[in-house]
Each structure stands twice: as structure tokens, then as C-alpha cells.
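Novice: First, the structure itself, so that you have it in front of you.
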Amino acid sequence: MKKMKTLGTLLIFLSITMVSFSRNTDDSMQAMGFEKMEVRDLKENTIKLFADDWGLVTAGDCADFNTMTISWGGIGNLWNKPSTFIFIKPERYTFGFIEKHQSYTISFFDHAGYKDDLMICGTKSGRDKDKLKDTKLTKICLPSGEMAFKEARIIFECKIIYQDSLNAEITPDREKERYYKNGRFHKMYIGEITTIWCKEKE
């Protein structure tokens, strides 16, 4: 009887957990303050977004994902597809999730309010611990099944359309000395922007 009671409690816990990680709908995204935005309506300074505000690139799904802070990247147009481009080193835990899923999101925040959280996500590995427990960030599963964060002010959903590793032979010696002393170069991913979620500024 005691074992059955314990099993029942476990099943209830699992069902609650599954519900909490279920996909959001467009309506529930709106309830959190997000609205879909057309890419051509974007008025952000994209250099500032990446270089100054930083972003969280996240890959995986509701069941398993990882996130990391990035400051290298941008937004442009490839093959007439509005796209983002990012750079990830193979030793990063997030790298495996991107390779497996061939998609990612980029979440941008109010930098002043979330600088410490972004620092944690950039310096701690999800391979070793649940680093989100050390932050005030709330993970959410988007209607597409991609992962992002409730506190973000803008979220890009991206599907990879091109990828390649940086070439050591044509990388300037100055940059190799500064960033690649260990010989491990970034891999570049270009992702077509499939959806943008944006919050109105308060």
C-alpha cells in the first residue's frame, strides 16, 4: 500500500512537471506580453543587441536543452531569407544541441537588469549543473517547441540554412593569436528567422 501511495505521488509530480514544460500557445505568449513581429518592422540596433546587450542562444526542446551567452553574431539577409548568424565553439555544451536539432533561438534582455544572469550562462556549463537555478530566468517552451525565456524582451527563432567552421588558413594571425591559441575555431551557423517574439517597451 505504501509503495502504491509513493508511486501515485511520483506520477502526480511527473504530470505536473510535464504540464509545466508543455508548449505555449500564441495566446499564452500574448499573456506573457509577447507579440509576433515582422522582421522588416524590427527597429533594433543589431550591433548593440549582440555586442553590448548580449544574447542567450538556446537549442534543444521541451525535454532537453541548453543555453549559452553570445556577443558575436548579427542579423542580415541570405538567399533572400532574413537570417541571424552566430558563432559557437565545438567544446561548448550547446554545440551538440545545435548540431542535433539544426535550429536555435536567441533571446535578448534588458542588459542592466540581467547582466549577472547572462554572465552566469556564459561562464558556467550546463554539462556540469542546472545553471539556470543560479539565475532569475524562467525557461519557456515556445509554440514551435523551441526553448527561450519569459524575461526576454525579444526572441528570434531560427532554422539553420548554412553552417561552416572558420578556416584557420585564412584567419588573420592577429586574431588566431588572440582567440585561437588552442587551435579550436568557432563554427558559424546561419539561421533563417522563422518567428520573432517581441515585448512592448514599458
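FYI, nothing fancy with the C-alpha cells labels: chains A, B, ... in order, residues from 1 per chain, ligands from 1 as they appear.
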Show which residues sit within 10 Å of Phe109 (chain A), as number ranges by chain. Count only C-alpha atoms, and ignore same-chain residues fewer than 2 positions away.
Specialist: A: 49, 53-56, 107, 111-115, 118, 149-155
Novice: For those residues, write C-alpha atoms to a file as a PDB file, in the first residue's frame.
Specialist:
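Written out: selection_10.pdb:
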```pdb
ATOM      1  CA  LEU A  49      21.966  43.810 -29.403  1.00  0.00           C
ATOM      2  CA  ASP A  53      23.334  43.686 -24.643  1.00  0.00           C
ATOM      3  CA  TRP A  54      24.488  40.101 -25.340  1.00  0.00           C
ATOM      4  CA  GLY A  55      22.044  37.291 -26.040  1.00  0.00           C
ATOM      5  CA  LEU A  56      21.247  33.763 -24.973  1.00  0.00           C
ATOM      6  CA  SER A 107      16.825  35.759 -26.502  1.00  0.00           C
ATOM      7  CA  HIS A 111      21.090  44.209 -20.173  1.00  0.00           C
ATOM      8  CA  ALA A 112      21.216  46.216 -16.953  1.00  0.00           C
ATOM      9  CA  GLY A 113      18.604  44.015 -15.305  1.00  0.00           C
ATOM     10  CA  TYR A 114      20.018  40.669 -16.427  1.00  0.00           C
ATOM     11  CA  LYS A 115      23.767  41.210 -16.791  1.00  0.00           C
ATOM     12  CA  LEU A 118      23.958  36.452 -18.688  1.00  0.00           C
ATOM     13  CA  PHE A 149      12.993  32.729 -21.669  1.00  0.00           C
ATOM     14  CA  LYS A 150       9.996  34.555 -20.237  1.00  0.00           C
ATOM     15  CA  GLU A 151      12.099  37.558 -19.179  1.00  0.00           C
ATOM     16  CA  ALA A 152      13.400  38.212 -22.703  1.00  0.00           C
ATOM     17  CA  ARG A 153      12.251  41.353 -24.448  1.00  0.00           C
ATOM     18  CA  ILE A 154      12.836  39.914 -27.911  1.00  0.00           C
ATOM     19  CA  ILE A 155      13.215  36.325 -29.135  1.00  0.00           C
TER      20      ILE A 155
END
```
Novice: Determine, counting only C-alpha atoms, which protein, DNA and RNA residues have an atom within 12 Å of an atom of Thr138 (chain A); residues of the same chain fewer than 3 positions away are not included. Present the result as an MDAnalysis selection string.
Specialist: chainID A and resid 20:21 32 107 117 131:135 141 147:152
Novice: Interatomic distance between CA of Glu169 (chain A) and CA of Gly74 (chain A)?
Specialist: 23.5 Å
Novice: I'd like the neighbourhood of Ala59 (chain A) as a ChimeraX atom specification, where a residue qualifies if any of its atoms comes within 7 Å (using only C-alpha atoms), though same-chain residues fewer than 3 positions away should be ignored.
Specialist: /A:65-67,94,97-98,103-105,147
Novice: To test your reading of the structure, identify every residue in region 64-187 of chain A that backbone DSSP assigns to strand (DSSP E or B), and report it as a JSON list (two decimals) with C-alpha atoms, in the first residue's frame.
Specialist:
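File written: states00.json
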```
[["chain", "number", "residue", "atom", "x", "y", "z"],
["A", 65, "PHE", "CA", 18.04, 21.86, -23.98],
["A", 66, "ASN", "CA", 20.95, 24.12, -23.16],
["A", 67, "THR", "CA", 21.66, 27.82, -23.37],
["A", 68, "MET", "CA", 24.77, 29.99, -23.50],
["A", 69, "THR", "CA", 25.61, 33.68, -23.73],
["A", 70, "ILE", "CA", 26.86, 35.11, -27.02],
["A", 73, "GLY", "CA", 26.75, 37.49, -34.34],
["A", 74, "GLY", "CA", 24.37, 39.59, -36.33],
["A", 75, "ILE", "CA", 21.28, 39.83, -38.49],
["A", 76, "GLY", "CA", 21.19, 40.01, -42.27],
["A", 77, "ASN", "CA", 19.84, 38.51, -45.45],
["A", 78, "LEU", "CA", 20.99, 35.31, -47.22],
["A", 81, "LYS", "CA", 15.90, 34.85, -46.30],
["A", 82, "PRO", "CA", 16.13, 37.17, -43.26],
["A", 83, "SER", "CA", 18.70, 35.44, -41.08],
["A", 84, "THR", "CA", 20.84, 35.59, -37.99],
["A", 85, "PHE", "CA", 24.41, 34.37, -37.79],
["A", 86, "ILE", "CA", 26.15, 33.13, -34.67],
["A", 87, "PHE", "CA", 29.47, 31.52, -33.72],
["A", 88, "ILE", "CA", 29.83, 28.54, -31.36],
["A", 103, "SER", "CA", 17.75, 25.18, -35.02],
["A", 104, "TYR", "CA", 18.15, 27.69, -32.21],
["A", 105, "THR", "CA", 16.62, 30.72, -30.56],
["A", 106, "ILE", "CA", 18.31, 33.93, -29.50],
["A", 107, "SER", "CA", 16.83, 35.76, -26.50],
["A", 108, "PHE", "CA", 17.76, 39.37, -25.76],
["A", 139, "LYS", "CA", 12.50, 28.83, -19.29],
["A", 140, "ILE", "CA", 9.52, 28.64, -21.63],
["A", 141, "CYS", "CA", 8.64, 26.28, -24.45],
["A", 147, "MET", "CA", 13.07, 26.97, -25.92],
["A", 148, "ALA", "CA", 13.54, 30.55, -24.75],
["A", 149, "PHE", "CA", 12.99, 32.73, -21.67],
["A", 154, "ILE", "CA", 12.84, 39.91, -27.91],
["A", 155, "ILE", "CA", 13.22, 36.32, -29.13],
["A", 156, "PHE", "CA", 14.38, 35.16, -32.55],
["A", 157, "GLU", "CA", 13.51, 31.64, -33.69],
["A", 158, "CYS", "CA", 15.93, 30.39, -36.33],
["A", 159, "LYS", "CA", 16.25, 27.35, -38.60],
["A", 160, "ILE", "CA", 19.79, 26.63, -39.80],
["A", 161, "ILE", "CA", 20.26, 27.04, -43.55],
["A", 162, "TYR", "CA", 24.07, 27.12, -43.71],
["A", 163, "GLN", "CA", 26.97, 26.21, -41.44],
["A", 164, "ASP", "CA", 30.73, 26.02, -41.64],
["A", 165, "SER", "CA", 33.77, 26.18, -39.38],
["A", 187, "LYS", "CA", 31.67, 27.16, -36.15]]
```
Novice: Using CA of Glu200 (chain A) and CA of Asp61 (chain A) as the two end points, give the distance in Å to one decimal.
Specialist: 26.2 Å
Novice: Using only C-alpha atoms, which of the listed residues (A:Ser71, A:Glu146, A:Leu137, A:Thr46) sits closest to Arg23 (chain A)?
Specialist: A:Glu146
Novice: Which value, in Å to one decimal, gives the distance between CA of Arg127 (chain A) and CA of Cys62 (chain A)?
Specialist: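 Separating CA of Arg127 (chain A) from CA of Cys62 (chain A) is a distance of 16.9 Å.
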Novice: Measuring atom to atom with only C-alpha atoms, identify which of A:Ser144, A:Ala51, A:Ser125, A:Lys89 is nearest to Asn182 (chain A).
Specialist: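 Looking only at the distances to Asn182 (chain A), the closest residue turns out to be A:Lys89.
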Novice: Which one is closest to Met29 (chain A): A:Pro143, A:Thr194, A:Asp52, A:Asp41? Count only C-alpha atoms.
Specialist: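 Closest residue, counting only C-alpha atoms: A:Pro143.
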Novice: Could you pull out the residues in region 55-202 of chain A that DSSP calls alpha helix (DSSP H) from the backbone, as a ChimeraX atom specification?
Specialist: /A:93-101,111-123,173-179
Novice: Restricting the output to N, CA and C atoms, write the selected residues as a PDB file, in the first residue's frame.
Specialist:
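Result file follows (part_5.pdb):
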```
ATOM      1  N   TYR A  93      28.818  23.067 -24.554  1.00  0.00           N
ATOM      2  CA  TYR A  93      27.753  22.074 -24.384  1.00  0.00           C
ATOM      3  C   TYR A  93      26.592  22.332 -25.348  1.00  0.00           C
ATOM      4  N   THR A  94      26.314  23.595 -25.606  1.00  0.00           N
ATOM      5  CA  THR A  94      25.217  23.970 -26.506  1.00  0.00           C
ATOM      6  C   THR A  94      25.477  23.483 -27.929  1.00  0.00           C
ATOM      7  N   PHE A  95      26.737  23.344 -28.301  1.00  0.00           N
ATOM      8  CA  PHE A  95      27.106  22.946 -29.657  1.00  0.00           C
ATOM      9  C   PHE A  95      26.399  21.647 -30.070  1.00  0.00           C
ATOM     10  N   GLY A  96      26.399  20.659 -29.185  1.00  0.00           N
ATOM     11  CA  GLY A  96      25.773  19.373 -29.501  1.00  0.00           C
ATOM     12  C   GLY A  96      24.279  19.492 -29.746  1.00  0.00           C
ATOM     13  N   PHE A  97      23.627  20.376 -28.997  1.00  0.00           N
ATOM     14  CA  PHE A  97      22.179  20.569 -29.166  1.00  0.00           C
ATOM     15  C   PHE A  97      21.883  21.231 -30.518  1.00  0.00           C
ATOM     16  N   ILE A  98      22.716  22.195 -30.904  1.00  0.00           N
ATOM     17  CA  ILE A  98      22.515  22.850 -32.202  1.00  0.00           C
ATOM     18  C   ILE A  98      22.745  21.861 -33.335  1.00  0.00           C
ATOM     19  N   GLU A  99      23.793  21.065 -33.206  1.00  0.00           N
ATOM     20  CA  GLU A  99      24.093  20.077 -34.244  1.00  0.00           C
ATOM     21  C   GLU A  99      22.947  19.066 -34.392  1.00  0.00           C
ATOM     22  N   LYS A 100      22.376  18.669 -33.285  1.00  0.00           N
ATOM     23  CA  LYS A 100      21.300  17.674 -33.317  1.00  0.00           C
ATOM     24  C   LYS A 100      20.006  18.247 -33.861  1.00  0.00           C
ATOM     25  N   HIS A 101      19.631  19.430 -33.418  1.00  0.00           N
ATOM     26  CA  HIS A 101      18.315  19.980 -33.751  1.00  0.00           C
ATOM     27  C   HIS A 101      18.326  20.872 -34.993  1.00  0.00           C
ATOM     28  N   HIS A 111      19.756  44.612 -20.623  1.00  0.00           N
ATOM     29  CA  HIS A 111      21.090  44.209 -20.173  1.00  0.00           C
ATOM     30  C   HIS A 111      21.343  44.576 -18.717  1.00  0.00           C
ATOM     31  N   ALA A 112      20.943  45.772 -18.322  1.00  0.00           N
ATOM     32  CA  ALA A 112      21.216  46.216 -16.953  1.00  0.00           C
ATOM     33  C   ALA A 112      20.536  45.308 -15.926  1.00  0.00           C
ATOM     34  N   GLY A 113      19.345  44.835 -16.253  1.00  0.00           N
ATOM     35  CA  GLY A 113      18.604  44.015 -15.305  1.00  0.00           C
ATOM     36  C   GLY A 113      19.030  42.559 -15.269  1.00  0.00           C
ATOM     37  N   TYR A 114      19.703  42.097 -16.335  1.00  0.00           N
ATOM     38  CA  TYR A 114      20.018  40.669 -16.427  1.00  0.00           C
ATOM     39  C   TYR A 114      21.490  40.391 -16.725  1.00  0.00           C
ATOM     40  N   LYS A 115      22.334  41.384 -16.514  1.00  0.00           N
ATOM     41  CA  LYS A 115      23.767  41.210 -16.791  1.00  0.00           C
ATOM     42  C   LYS A 115      24.354  40.045 -15.993  1.00  0.00           C
ATOM     43  N   ASP A 116      24.030  39.967 -14.706  1.00  0.00           N
ATOM     44  CA  ASP A 116      24.575  38.888 -13.865  1.00  0.00           C
ATOM     45  C   ASP A 116      24.114  37.521 -14.353  1.00  0.00           C
ATOM     46  N   ASP A 117      22.861  37.420 -14.781  1.00  0.00           N
ATOM     47  CA  ASP A 117      22.330  36.158 -15.271  1.00  0.00           C
ATOM     48  C   ASP A 117      23.017  35.744 -16.577  1.00  0.00           C
ATOM     49  N   LEU A 118      23.264  36.723 -17.431  1.00  0.00           N
ATOM     50  CA  LEU A 118      23.958  36.452 -18.688  1.00  0.00           C
ATOM     51  C   LEU A 118      25.407  36.037 -18.432  1.00  0.00           C
ATOM     52  N   MET A 119      26.019  36.635 -17.419  1.00  0.00           N
ATOM     53  CA  MET A 119      27.381  36.246 -17.063  1.00  0.00           C
ATOM     54  C   MET A 119      27.427  34.790 -16.608  1.00  0.00           C
ATOM     55  N   ILE A 120      26.455  34.394 -15.800  1.00  0.00           N
ATOM     56  CA  ILE A 120      26.394  33.001 -15.327  1.00  0.00           C
ATOM     57  C   ILE A 120      26.226  32.042 -16.505  1.00  0.00           C
ATOM     58  N   CYS A 121      25.319  32.378 -17.419  1.00  0.00           N
ATOM     59  CA  CYS A 121      25.065  31.490 -18.554  1.00  0.00           C
ATOM     60  C   CYS A 121      26.229  31.454 -19.538  1.00  0.00           C
ATOM     61  N   GLY A 122      27.103  32.451 -19.451  1.00  0.00           N
ATOM     62  CA  GLY A 122      28.256  32.475 -20.336  1.00  0.00           C
ATOM     63  C   GLY A 122      29.500  31.844 -19.744  1.00  0.00           C
ATOM     64  N   THR A 123      29.540  31.719 -18.415  1.00  0.00           N
ATOM     65  CA  THR A 123      30.747  31.207 -17.758  1.00  0.00           C
ATOM     66  C   THR A 123      30.546  29.838 -17.111  1.00  0.00           C
ATOM     67  N   ASP A 173      46.482  36.256 -38.555  1.00  0.00           N
ATOM     68  CA  ASP A 173      47.355  35.788 -37.476  1.00  0.00           C
ATOM     69  C   ASP A 173      47.051  36.494 -36.157  1.00  0.00           C
ATOM     70  N   ARG A 174      46.746  37.771 -36.224  1.00  0.00           N
ATOM     71  CA  ARG A 174      46.450  38.537 -35.008  1.00  0.00           C
ATOM     72  C   ARG A 174      45.254  37.961 -34.276  1.00  0.00           C
ATOM     73  N   GLU A 175      44.221  37.557 -35.034  1.00  0.00           N
ATOM     74  CA  GLU A 175      43.024  37.003 -34.414  1.00  0.00           C
ATOM     75  C   GLU A 175      43.277  35.573 -33.924  1.00  0.00           C
ATOM     76  N   LYS A 176      44.088  34.834 -34.654  1.00  0.00           N
ATOM     77  CA  LYS A 176      44.437  33.480 -34.195  1.00  0.00           C
ATOM     78  C   LYS A 176      45.194  33.545 -32.877  1.00  0.00           C
ATOM     79  N   GLU A 177      46.077  34.503 -32.758  1.00  0.00           N
ATOM     80  CA  GLU A 177      46.852  34.643 -31.527  1.00  0.00           C
ATOM     81  C   GLU A 177      45.961  35.069 -30.368  1.00  0.00           C
ATOM     82  N   ARG A 178      44.992  35.870 -30.664  1.00  0.00           N
ATOM     83  CA  ARG A 178      44.124  36.401 -29.607  1.00  0.00           C
ATOM     84  C   ARG A 178      43.044  35.422 -29.174  1.00  0.00           C
ATOM     85  N   TYR A 179      42.437  34.716 -30.143  1.00  0.00           N
ATOM     86  CA  TYR A 179      41.253  33.913 -29.826  1.00  0.00           C
ATOM     87  C   TYR A 179      41.436  32.401 -29.991  1.00  0.00           C
TER      88      TYR A 179
END
```
